[in-house]
Amino acid sequence: MPEFIAQTLNGLTLAGVVFLVSSGFTLVFGIMRVTNLAHGAVYLLGGYIGYSVIGSTGNFFYGLAAAALATGAFGFLLERTLIARLRRSEMAELLATLGLIYVIDDVALAIWGGTPLTVNLPGVLGKSSTLPVDGIVYPNGRIFVLGVSVVVAAALYYLLRRTRLGAIIRAGVDDREMVGALGVNVRLANTLVFTLGALLAGFAGVLGGTVLGLYTGADSDMLLFALAVVIVGGLGSFEGAILGSLLIGLVVDYGTAYFAAFAYSVLFIPVIVVLLVKPQGLLGKQGT
Amino acid sequence: MTAAGGGTPAAASPAGVGTPAAAPAGRAARLALAGLERSRRLTGPVAGVAAAVILVLLLQGNGFASTLVVDILVYAVAAMSLDFMAGYAGLISLGQAGFLGVGAYGVAIAENHFFSPWAAVGIALGAVLALGLALGIVAVRTKGVSFVIITLALGQVLYGLAYQWTGLSEGDNGITLANLPSAGPFDLNDPLTLRMTVLVVFAVTVLLLLLFVHSPFGLSLRGVRSNEARLAALGYRTGLHRYLAWVIAVFFAGVAGVLYIFVNDLISPTTMAFSADGFLVVMVVLGGLGSIWGPALGAVVIVLFQQELSTYVTRWQTLMGLTLIAVVLVSPGGFWGLVRAAGRRRDALIARLRAGQPGRPGPADGPGPAPEGPPLAFEAAKPGTEPPQAP
């Protein structure tokens, strides 16, 4: 039983990181219909930037902020240049971001090398504590990551439900043309959402770097998690991203712990079941 | 083979320099016209024969050139299989390397379980076909971006099994193949026989895919891609069309996989990883979506970079990524699109010259829309395709 509880906590931590990545991915898809295949690469890039900044400043939180700002700026530039020029075709955007994966990965390899790195947490966060249940000793860092992702989820929920930008995003998911016709500056909203998505991915990269590590291939792993989340939860649905992240995080973790031979493949069982039963995703809108 | 495209760049260069406004009649114009028409008739066959001769000669040696050519041919089969569904049915798959892996693993696993090499090939191809038939039911329910995502997921399931199901696949180490099929004097364990067999399988794949593409099935497939609603309204079973295109494409990826294990004697999960799926898509898009020949060219470029030039150009993946972005931005037709555009320029010039000839009505046999249609863009609404040039 203690092992099961620890596994569940691990799964929830993974779900937290996956949520940070997939929420940005799903919002970008929802309002812009852009499938950003380079989203995982931006995650890894953020992790590496955070690692370097932490190394030179000695402060974890500077690294976290620097990674988020840097990837946010990268997302802003990307949207204004490449994505804006390709507005005419979803498939062209997808292929261009596929090309971008190779560029980002290769540049990251040149700068940070191929050895796996781990981001270290400062002070008490780097230690472990004994949980009140069954005397499980559990790393504080993982609980911190889980807590941060819950806080970010709450902030995003507030943004989407209580602000004008959130209203525009939600309306854009439902009917893009109508939002444009109402005189909303869709162009600006696109840029903001894309920037926010990249920022969240970079932020997640540093947090993910503490529990999962930074390694070549972390980008495609995270991209696949995000894709699985949006298929299960529904493309463009924020609540779907939460539900999907929980499901994927737990499935991957239990899978790794209990069916090692199929850990990676069981991830896709919910994906295929959802596709067959409810192709628009559990919380997706009809016809998305 | 000429039907696959206008011609080759070599043939098109004279067309490029000639000024269309040249004096209509006259001996020079007639000579130019005859030359151009000859080039239109001959470039396809000549290029084909030349390529075949060069390939056969290269494959004679035991050196690195022949190894490289064989690797290119194997990947060309996989890239062309992907192009068949991506370019003609609009189904861009990011899971195609997974089926290449199934073909290769199928042979290796079957042979390691005491089947004869020939039976192993049959089992592998049967497994790929069965898997294609089954997974197609899931995959072709979607199209466009969703299809890409789903095929990516399916491909990763296959990769995950190869990587983690160590009891069957031996995990990260991969499986080696001891014996290749042989029948009397025909023995694939002999390197030269193997290389020639790869060439023959490549040629047969090209012929079959071109046959499919130009058959009524291929034509209606393109109709499904560009306007599914209309084809459905005309009574075509569009879902079935997509399903068949998928099954055919998956099968040929499996064929490439069988060749792969014959050539390399080893299959490991990296062959099926996400980056490998991406490489196949890059081959197709760089080469030219919807041209069969183009992706073969794409395979030449990518395999060459991956295996040879990576020693000299350390950041070749950056170069490749940027090239892919550039192709998507400026030339959705890829390399083959450039070849086709050159061919169209020549045809337009022929038509102009002909229009200038006395007693020959020009527009009647003018170029009109290019025989093959414009280079395929990624969606029905095509960006960057020029309207057919009026004479």
# chains A, B, ... in the order shown; residues from 1 in each chain; ligands from 1
>>> residues_around(residues="Gln156 (chain B)", least_positions_apart="6", cutoff="9 Å", atoms="only C-alpha atoms", output="PyMOL selection string")
(chain A and resi 224+264-265+268) or (chain B and resi 95+98+272-274)
>>> select_by_dssp(residues="region 31-256 of chain A", states="alpha helix (DSSP H)", output="PyMOL selection string")
chain A and resi 31-32+39-57+60-78+84-85+90-112+140-162+164-174+176-181+186-211+218-233+238-256
>>> closest_residue(among="A:Ala96, A:Val53, A:Val274, A:Leu69", to="Thr81 (chain A)", atoms="only C-alpha atoms")
A:Ala96
>>> closest_residue(among="B:Val255, B:Ala86, B:Phe335, B:Thr166", to="Phe259 (chain A)", atoms="only C-alpha atoms")
B:Thr166
>>> interface_residues(of="chain A", to="chain B", cutoff="7 Å", atoms="only C-alpha atoms", output="list in words")
Ser89, Met91, Ala92, Ala96, Gly99, Leu100, Tyr102, Val103, Asp106, Ser220, Leu227, Ala260, Ala261, Phe262, Tyr264, Ser265, Phe268 and Leu276 of chain A
>>> residues_around(residues="Ala73 (chain A)", least_positions_apart="5", cutoff="10 Å", atoms="only C-alpha atoms", output="ChimeraX atom specification")
/A:67-68,78-79,195-196,198-199
>>> write_last_selection(atoms="N, CA, C and O atoms", output="short mmCIF file (atom, residue, chain, number, x, y, z; two decimals), in the first residue's frame")
data_model
loop_
_atom_site.label_atom_id
_atom_site.label_comp_id
_atom_site.auth_asym_id
_atom_site.auth_seq_id
_atom_site.Cartn_x
_atom_site.Cartn_y
_atom_site.Cartn_z
N ALA A 67 13.72 31.05 -17.66
CA ALA A 67 13.27 30.08 -18.66
C ALA A 67 11.90 30.46 -19.20
O ALA A 67 11.67 30.43 -20.42
N ALA A 68 10.99 30.85 -18.30
CA ALA A 68 9.65 31.21 -18.74
C ALA A 68 9.69 32.43 -19.65
O ALA A 68 9.05 32.46 -20.71
N LEU A 78 8.20 33.57 -32.70
CA LEU A 78 7.78 32.48 -33.58
C LEU A 78 6.40 32.78 -34.18
O LEU A 78 6.16 32.62 -35.37
N GLU A 79 5.50 33.24 -33.32
CA GLU A 79 4.14 33.52 -33.79
C GLU A 79 4.15 34.67 -34.78
O GLU A 79 3.50 34.62 -35.82
N THR A 195 2.27 33.07 -27.08
CA THR A 195 3.34 33.44 -26.15
C THR A 195 3.12 32.75 -24.81
O THR A 195 4.05 32.19 -24.22
N LEU A 196 1.88 32.79 -24.33
CA LEU A 196 1.55 32.16 -23.05
C LEU A 196 1.84 30.66 -23.10
O LEU A 196 2.40 30.09 -22.16
N ALA A 198 4.02 29.05 -24.99
CA ALA A 198 5.46 28.79 -24.98
C ALA A 198 6.04 29.07 -23.60
O ALA A 198 6.90 28.33 -23.11
N LEU A 199 5.53 30.12 -22.96
CA LEU A 199 5.99 30.48 -21.61
C LEU A 199 5.70 29.34 -20.64
O LEU A 199 6.57 28.93 -19.84
#
>>> residues_around(residues="Tyr215 (chain A)", least_positions_apart="4", cutoff="8 Å", atoms="only C-alpha atoms", output="PyMOL selection string")
chain A and resi 114-117
>>> atom_distance(atom1="CA of Met1 (chain A)", atom2="CA of Ile143 (chain A)")
19.1 Å
>>> atom_distance(atom1="CA of Asn36 (chain A)", atom2="CA of Gly236 (chain A)")
12.9 Å
>>> closest_residue(among="B:Val303, B:Val46, B:Ile261, B:Met196", to="Val102 (chain B)", atoms="only C-alpha atoms")
B:Ile261
>>> atom_distance(atom1="CA of Ala76 (chain B)", atom2="CA of Gly61 (chain B)")
20.4 Å
>>> select_by_dssp(residues="region 151-185 of chain B", states="strand (DSSP E)", output="list in words")
Ile175, Thr176, Ser182 and Ala183 of chain B
>>> residues_around(residues="region 288-297 of chain B", least_positions_apart="6", cutoff="10 Å", atoms="only C-alpha atoms", output="compact mmCIF listing (two decimals) with all heavy atoms, in the first residue's frame")
# COMPACT_ATOMS: atom_id res chain seq x y z
N MET B 1 6.43 6.31 -67.35
CA MET B 1 7.20 7.03 -66.35
C MET B 1 7.16 8.52 -66.61
O MET B 1 7.16 9.32 -65.69
CB MET B 1 8.66 6.62 -66.37
CG MET B 1 8.84 5.14 -66.23
SD MET B 1 10.06 4.76 -64.97
CE MET B 1 9.91 3.00 -64.92
N ALA B 4 4.72 10.74 -64.84
CA ALA B 4 4.89 11.18 -63.46
C ALA B 4 5.29 12.63 -63.36
O ALA B 4 5.17 13.24 -62.32
CB ALA B 4 5.93 10.32 -62.77
N GLY B 5 5.76 13.21 -64.44
CA GLY B 5 6.17 14.59 -64.32
C GLY B 5 6.49 15.17 -65.67
O GLY B 5 6.40 14.50 -66.69
N ILE B 72 19.74 4.09 -49.36
CA ILE B 72 18.85 5.08 -49.96
C ILE B 72 17.64 4.39 -50.58
O ILE B 72 16.50 4.83 -50.40
CB ILE B 72 19.62 5.90 -51.03
CG1 ILE B 72 20.61 6.84 -50.34
CG2 ILE B 72 18.65 6.69 -51.89
CD1 ILE B 72 21.56 7.53 -51.29
N LEU B 73 17.88 3.28 -51.28
CA LEU B 73 16.77 2.59 -51.94
C LEU B 73 15.76 2.09 -50.91
O LEU B 73 14.54 2.19 -51.12
CB LEU B 73 17.30 1.42 -52.78
CG LEU B 73 18.08 1.81 -54.04
CD1 LEU B 73 18.68 0.58 -54.70
CD2 LEU B 73 17.18 2.54 -55.03
N VAL B 74 16.25 1.56 -49.80
CA VAL B 74 15.34 1.06 -48.76
C VAL B 74 14.48 2.21 -48.23
O VAL B 74 13.25 2.10 -48.13
CB VAL B 74 16.14 0.42 -47.60
CG1 VAL B 74 15.22 0.10 -46.43
CG2 VAL B 74 16.84 -0.84 -48.08
N TYR B 75 15.12 3.34 -47.90
CA TYR B 75 14.35 4.47 -47.37
C TYR B 75 13.46 5.10 -48.44
O TYR B 75 12.41 5.64 -48.13
CB TYR B 75 15.27 5.49 -46.70
CG TYR B 75 15.43 5.15 -45.25
CD1 TYR B 75 16.55 4.49 -44.78
CD2 TYR B 75 14.41 5.43 -44.34
CE1 TYR B 75 16.66 4.12 -43.46
CE2 TYR B 75 14.50 5.08 -43.02
CZ TYR B 75 15.63 4.42 -42.58
OH TYR B 75 15.72 4.06 -41.27
N ALA B 76 13.91 5.00 -49.70
CA ALA B 76 13.07 5.54 -50.77
C ALA B 76 11.75 4.77 -50.85
O ALA B 76 10.69 5.35 -51.03
CB ALA B 76 13.81 5.47 -52.11
N VAL B 77 11.81 3.44 -50.67
CA VAL B 77 10.57 2.64 -50.69
C VAL B 77 9.64 3.11 -49.57
O VAL B 77 8.45 3.34 -49.78
CB VAL B 77 10.88 1.13 -50.53
CG1 VAL B 77 9.62 0.33 -50.30
CG2 VAL B 77 11.62 0.61 -51.76
N ALA B 78 10.21 3.33 -48.37
CA ALA B 78 9.39 3.79 -47.25
C ALA B 78 8.82 5.18 -47.52
O ALA B 78 7.64 5.44 -47.27
CB ALA B 78 10.22 3.79 -45.97
N ALA B 79 9.66 6.08 -48.05
CA ALA B 79 9.20 7.45 -48.30
C ALA B 79 8.12 7.46 -49.37
O ALA B 79 7.14 8.19 -49.26
CB ALA B 79 10.39 8.32 -48.71
N MET B 80 8.29 6.63 -50.40
CA MET B 80 7.27 6.61 -51.46
C MET B 80 5.96 6.05 -50.93
O MET B 80 4.88 6.50 -51.32
CB MET B 80 7.77 5.78 -52.64
CG MET B 80 8.96 6.42 -53.34
SD MET B 80 9.47 5.55 -54.85
CE MET B 80 9.70 3.90 -54.26
N SER B 81 6.06 5.06 -50.04
CA SER B 81 4.83 4.51 -49.47
C SER B 81 4.08 5.59 -48.69
O SER B 81 2.87 5.71 -48.78
CB SER B 81 5.15 3.32 -48.55
OG SER B 81 5.62 3.76 -47.29
N LEU B 82 4.85 6.41 -47.96
CA LEU B 82 4.22 7.50 -47.21
C LEU B 82 3.62 8.51 -48.17
O LEU B 82 2.51 9.02 -47.96
CB LEU B 82 5.25 8.16 -46.30
CG LEU B 82 4.79 9.39 -45.51
CD1 LEU B 82 3.59 9.04 -44.64
CD2 LEU B 82 5.91 9.93 -44.65
N ASP B 83 4.36 8.80 -49.25
CA ASP B 83 3.85 9.77 -50.21
C ASP B 83 2.55 9.31 -50.84
O ASP B 83 1.68 10.13 -51.16
CB ASP B 83 4.90 10.01 -51.31
CG ASP B 83 4.48 11.13 -52.25
OD1 ASP B 83 3.95 12.13 -51.74
OD2 ASP B 83 4.68 10.99 -53.46
N PHE B 84 2.41 7.99 -51.00
CA PHE B 84 1.19 7.50 -51.64
C PHE B 84 -0.04 7.93 -50.85
O PHE B 84 -1.03 8.38 -51.43
CB PHE B 84 1.24 5.98 -51.78
CG PHE B 84 0.01 5.42 -52.42
CD1 PHE B 84 -0.28 5.68 -53.74
CD2 PHE B 84 -0.89 4.67 -51.67
CE1 PHE B 84 -1.43 5.18 -54.33
CE2 PHE B 84 -2.04 4.17 -52.25
CZ PHE B 84 -2.31 4.42 -53.58
N MET B 85 0.02 7.82 -49.52
CA MET B 85 -1.17 8.28 -48.80
C MET B 85 -1.12 9.77 -48.46
O MET B 85 -2.15 10.41 -48.41
CB MET B 85 -1.42 7.43 -47.55
CG MET B 85 -0.47 7.59 -46.41
SD MET B 85 -1.11 6.63 -45.01
CE MET B 85 0.39 6.24 -44.19
N ALA B 86 0.10 10.31 -48.27
CA ALA B 86 0.18 11.73 -47.90
C ALA B 86 -0.13 12.62 -49.10
O ALA B 86 -0.92 13.55 -49.01
CB ALA B 86 1.56 12.04 -47.35
N GLY B 87 0.50 12.30 -50.23
CA GLY B 87 0.37 13.17 -51.38
C GLY B 87 -0.93 12.98 -52.15
O GLY B 87 -1.45 13.92 -52.73
N TYR B 88 -1.44 11.76 -52.15
CA TYR B 88 -2.61 11.51 -52.99
C TYR B 88 -3.90 11.41 -52.20
O TYR B 88 -4.97 11.70 -52.74
CB TYR B 88 -2.37 10.24 -53.82
CG TYR B 88 -1.22 10.43 -54.78
CD1 TYR B 88 0.08 10.14 -54.41
CD2 TYR B 88 -1.43 11.01 -56.03
CE1 TYR B 88 1.14 10.38 -55.25
CE2 TYR B 88 -0.37 11.24 -56.88
CZ TYR B 88 0.91 10.92 -56.49
OH TYR B 88 1.96 11.18 -57.33
N ALA B 89 -3.81 10.99 -50.93
CA ALA B 89 -5.03 10.93 -50.13
C ALA B 89 -5.06 12.01 -49.06
O ALA B 89 -6.02 12.11 -48.31
CB ALA B 89 -5.17 9.55 -49.50
N GLY B 90 -3.99 12.83 -48.99
CA GLY B 90 -3.98 13.89 -47.99
C GLY B 90 -3.75 13.39 -46.58
O GLY B 90 -4.02 14.10 -45.62
N ILE B 92 -1.15 12.63 -44.08
CA ILE B 92 0.26 12.70 -43.68
C ILE B 92 0.41 11.95 -42.38
O ILE B 92 -0.19 12.31 -41.37
CB ILE B 92 0.72 14.16 -43.52
CG1 ILE B 92 0.63 14.86 -44.88
CG2 ILE B 92 2.13 14.22 -42.98
CD1 ILE B 92 1.16 16.26 -44.89
N PHE B 202 12.68 -2.07 -55.28
CA PHE B 202 12.45 -0.63 -55.41
C PHE B 202 11.72 -0.32 -56.72
O PHE B 202 10.71 0.39 -56.73
CB PHE B 202 13.80 0.11 -55.35
CG PHE B 202 13.74 1.54 -55.80
CD1 PHE B 202 13.29 2.53 -54.94
CD2 PHE B 202 14.13 1.90 -57.09
CE1 PHE B 202 13.23 3.86 -55.35
CE2 PHE B 202 14.07 3.22 -57.51
CZ PHE B 202 13.62 4.20 -56.63
N THR B 205 8.19 -1.45 -56.67
CA THR B 205 7.39 -0.55 -55.83
C THR B 205 7.02 0.72 -56.59
O THR B 205 5.86 1.15 -56.57
CB THR B 205 8.17 -0.18 -54.55
OG1 THR B 205 8.58 -1.38 -53.91
CG2 THR B 205 7.32 0.63 -53.60
N VAL B 206 8.02 1.30 -57.27
CA VAL B 206 7.75 2.50 -58.06
C VAL B 206 6.65 2.22 -59.07
O VAL B 206 5.67 2.97 -59.18
CB VAL B 206 9.02 2.98 -58.79
CG1 VAL B 206 8.68 4.08 -59.78
CG2 VAL B 206 10.06 3.47 -57.80
N LEU B 207 6.81 1.11 -59.81
CA LEU B 207 5.84 0.80 -60.87
C LEU B 207 4.45 0.60 -60.29
O LEU B 207 3.47 1.16 -60.79
CB LEU B 207 6.27 -0.46 -61.62
CG LEU B 207 7.43 -0.26 -62.59
CD1 LEU B 207 7.84 -1.57 -63.22
CD2 LEU B 207 7.03 0.75 -63.67
N LEU B 209 3.20 1.67 -57.42
CA LEU B 209 2.62 2.90 -56.86
C LEU B 209 2.17 3.83 -57.98
O LEU B 209 1.10 4.43 -57.90
CB LEU B 209 3.63 3.59 -55.93
CG LEU B 209 3.87 2.88 -54.59
CD1 LEU B 209 4.89 3.65 -53.75
CD2 LEU B 209 2.58 2.73 -53.81
N LEU B 210 2.99 3.93 -59.04
CA LEU B 210 2.58 4.78 -60.17
C LEU B 210 1.31 4.23 -60.82
O LEU B 210 0.43 4.98 -61.24
CB LEU B 210 3.71 4.91 -61.19
CG LEU B 210 4.88 5.79 -60.76
CD1 LEU B 210 5.97 5.77 -61.82
CD2 LEU B 210 4.42 7.22 -60.51
N VAL B 213 -1.50 5.20 -58.67
CA VAL B 213 -1.74 6.63 -58.74
C VAL B 213 -2.51 7.00 -60.00
O VAL B 213 -3.40 7.84 -59.99
CB VAL B 213 -0.39 7.39 -58.68
CG1 VAL B 213 -0.55 8.81 -59.15
CG2 VAL B 213 0.17 7.34 -57.27
N ARG B 222 -7.43 11.32 -55.31
CA ARG B 222 -7.08 12.74 -55.33
C ARG B 222 -8.34 13.60 -55.21
O ARG B 222 -8.32 14.66 -54.60
CB ARG B 222 -6.32 13.09 -56.60
CG ARG B 222 -4.84 12.86 -56.42
CD ARG B 222 -4.07 13.27 -57.62
NE ARG B 222 -3.91 12.14 -58.52
CZ ARG B 222 -3.29 12.22 -59.69
NH1 ARG B 222 -2.82 13.36 -60.11
NH2 ARG B 222 -3.16 11.16 -60.44
N LEU B 280 11.03 10.54 -42.40
CA LEU B 280 10.27 10.10 -43.57
C LEU B 280 9.38 11.22 -44.09
O LEU B 280 9.28 11.45 -45.29
CB LEU B 280 9.43 8.86 -43.23
CG LEU B 280 10.20 7.55 -43.09
CD1 LEU B 280 9.28 6.42 -42.69
CD2 LEU B 280 10.90 7.20 -44.40
N VAL B 281 8.75 11.94 -43.16
CA VAL B 281 7.90 13.06 -43.58
C VAL B 281 8.77 14.13 -44.26
O VAL B 281 8.37 14.70 -45.28
CB VAL B 281 7.13 13.66 -42.39
CG1 VAL B 281 6.42 14.94 -42.77
CG2 VAL B 281 6.14 12.65 -41.84
N VAL B 282 9.96 14.37 -43.70
CA VAL B 282 10.85 15.36 -44.31
C VAL B 282 11.24 14.93 -45.73
O VAL B 282 11.22 15.74 -46.66
CB VAL B 282 12.11 15.56 -43.44
CG1 VAL B 282 13.11 16.46 -44.14
CG2 VAL B 282 11.74 16.15 -42.10
N VAL B 327 11.02 25.17 -47.46
CA VAL B 327 10.19 24.53 -48.49
C VAL B 327 8.71 24.78 -48.20
O VAL B 327 7.93 25.12 -49.09
CB VAL B 327 10.48 23.01 -48.56
CG1 VAL B 327 9.40 22.28 -49.32
CG2 VAL B 327 11.82 22.78 -49.23
N SER B 331 8.04 26.92 -51.33
CA SER B 331 7.85 26.03 -52.46
C SER B 331 7.20 24.74 -52.02
O SER B 331 7.86 23.72 -51.86
CB SER B 331 9.22 25.74 -53.11
OG SER B 331 9.11 24.62 -53.95
N PRO B 332 5.88 24.77 -51.79
CA PRO B 332 5.22 23.58 -51.26
C PRO B 332 5.37 22.35 -52.16
O PRO B 332 5.08 21.25 -51.73
CB PRO B 332 3.76 23.99 -51.15
CG PRO B 332 3.78 25.47 -51.14
CD PRO B 332 4.96 25.87 -51.96
N GLY B 333 5.80 22.53 -53.39
CA GLY B 333 5.98 21.38 -54.27
C GLY B 333 7.27 20.62 -54.04
O GLY B 333 7.45 19.54 -54.59
N GLY B 334 8.19 21.18 -53.25
CA GLY B 334 9.45 20.50 -53.00
C GLY B 334 10.34 20.44 -54.23
O GLY B 334 10.12 21.16 -55.21
N PHE B 335 11.37 19.58 -54.16
CA PHE B 335 12.30 19.44 -55.29
C PHE B 335 11.55 19.10 -56.57
O PHE B 335 11.79 19.65 -57.63
CB PHE B 335 13.32 18.32 -55.05
CG PHE B 335 14.16 18.51 -53.83
CD1 PHE B 335 14.71 17.42 -53.18
CD2 PHE B 335 14.41 19.78 -53.33
CE1 PHE B 335 15.50 17.58 -52.05
CE2 PHE B 335 15.18 19.96 -52.21
CZ PHE B 335 15.72 18.85 -51.57
N TRP B 336 10.65 18.11 -56.46
CA TRP B 336 9.97 17.66 -57.67
C TRP B 336 9.08 18.76 -58.23
O TRP B 336 8.84 18.82 -59.43
CB TRP B 336 9.16 16.40 -57.38
CG TRP B 336 8.88 15.66 -58.63
CD1 TRP B 336 7.70 15.61 -59.29
CD2 TRP B 336 9.81 14.89 -59.40
NE1 TRP B 336 7.84 14.86 -60.43
CE2 TRP B 336 9.12 14.40 -60.52
CE3 TRP B 336 11.17 14.58 -59.24
CZ2 TRP B 336 9.74 13.61 -61.47
CZ3 TRP B 336 11.78 13.80 -60.19
CH2 TRP B 336 11.06 13.32 -61.30
N GLY B 337 8.60 19.64 -57.35
CA GLY B 337 7.81 20.77 -57.82
C GLY B 337 8.64 21.66 -58.74
O GLY B 337 8.13 22.17 -59.74
N LEU B 338 9.92 21.80 -58.43
CA LEU B 338 10.80 22.60 -59.29
C LEU B 338 10.95 21.91 -60.64
O LEU B 338 10.91 22.56 -61.69
CB LEU B 338 12.17 22.77 -58.64
CG LEU B 338 12.19 23.47 -57.27
CD1 LEU B 338 13.60 23.51 -56.71
CD2 LEU B 338 11.63 24.88 -57.39
N VAL B 339 11.11 20.58 -60.60
CA VAL B 339 11.25 19.83 -61.86
C VAL B 339 9.98 20.01 -62.69
O VAL B 339 10.04 20.27 -63.90
CB VAL B 339 11.49 18.33 -61.54
CG1 VAL B 339 11.49 17.51 -62.82
CG2 VAL B 339 12.79 18.15 -60.80
N ARG B 340 8.85 19.87 -62.04
CA ARG B 340 7.58 20.00 -62.76
C ARG B 340 7.39 21.40 -63.33
O ARG B 340 6.92 21.57 -64.45
CB ARG B 340 6.42 19.72 -61.82
CG ARG B 340 6.04 18.28 -61.80
CD ARG B 340 4.85 18.12 -60.90
NE ARG B 340 4.56 16.71 -60.74
CZ ARG B 340 3.84 16.21 -59.76
NH1 ARG B 340 3.35 17.01 -58.84
NH2 ARG B 340 3.62 14.93 -59.69
N GLU B 372 -0.43 17.01 -64.99
CA GLU B 372 -0.49 16.35 -63.68
C GLU B 372 -1.17 17.24 -62.65
O GLU B 372 -1.27 16.89 -61.49
CB GLU B 372 0.94 16.05 -63.27
CG GLU B 372 1.09 15.06 -62.16
CD GLU B 372 0.72 13.66 -62.59
OE1 GLU B 372 0.41 13.44 -63.78
OE2 GLU B 372 0.70 12.80 -61.73
N PRO B 375 1.56 21.42 -58.55
CA PRO B 375 2.17 20.70 -57.43
C PRO B 375 1.23 20.76 -56.25
O PRO B 375 0.59 21.77 -56.01
CB PRO B 375 3.46 21.48 -57.16
CG PRO B 375 3.36 22.74 -57.91
CD PRO B 375 2.39 22.52 -59.02
N LEU B 376 1.17 19.67 -55.54
CA LEU B 376 0.16 19.57 -54.51
C LEU B 376 0.52 20.42 -53.32
O LEU B 376 1.60 20.34 -52.79
CB LEU B 376 0.05 18.12 -54.08
CG LEU B 376 -0.30 17.23 -55.24
CD1 LEU B 376 -0.05 15.80 -54.88
CD2 LEU B 376 -1.73 17.46 -55.65
N ALA B 377 -0.43 21.21 -52.93
CA ALA B 377 -0.24 21.93 -51.69
C ALA B 377 -0.74 21.03 -50.58
O ALA B 377 -1.10 19.89 -50.82
CB ALA B 377 -1.00 23.23 -51.73
N PHE B 378 -0.74 21.54 -49.37
CA PHE B 378 -1.03 20.68 -48.25
C PHE B 378 -2.52 20.50 -48.04
O PHE B 378 -2.95 19.60 -47.38
CB PHE B 378 -0.38 21.25 -47.00
CG PHE B 378 1.07 21.46 -47.21
CD1 PHE B 378 1.60 22.73 -47.23
CD2 PHE B 378 1.90 20.40 -47.46
CE1 PHE B 378 2.94 22.92 -47.46
CE2 PHE B 378 3.23 20.57 -47.70
CZ PHE B 378 3.76 21.85 -47.69
>>> closest_residue(among="A:Tyr138, A:Phe203, A:Tyr158, A:Phe144", to="Pro2 (chain A)", atoms="only C-alpha atoms")
A:Tyr138
>>> closest_residue(among="A:Pro132, A:Leu207, A:Ala226, A:Leu235", to="Leu247 (chain A)", atoms="only C-alpha atoms")
A:Ala226
>>> residues_around(residues="region 10-26 of chain A", least_positions_apart="4", cutoff="6 Å", atoms="only C-alpha atoms", output="PyMOL selection string")
chain A and resi 30+146+149+197+200-201+204+208+226+235-236+241+245-246+249-250+253
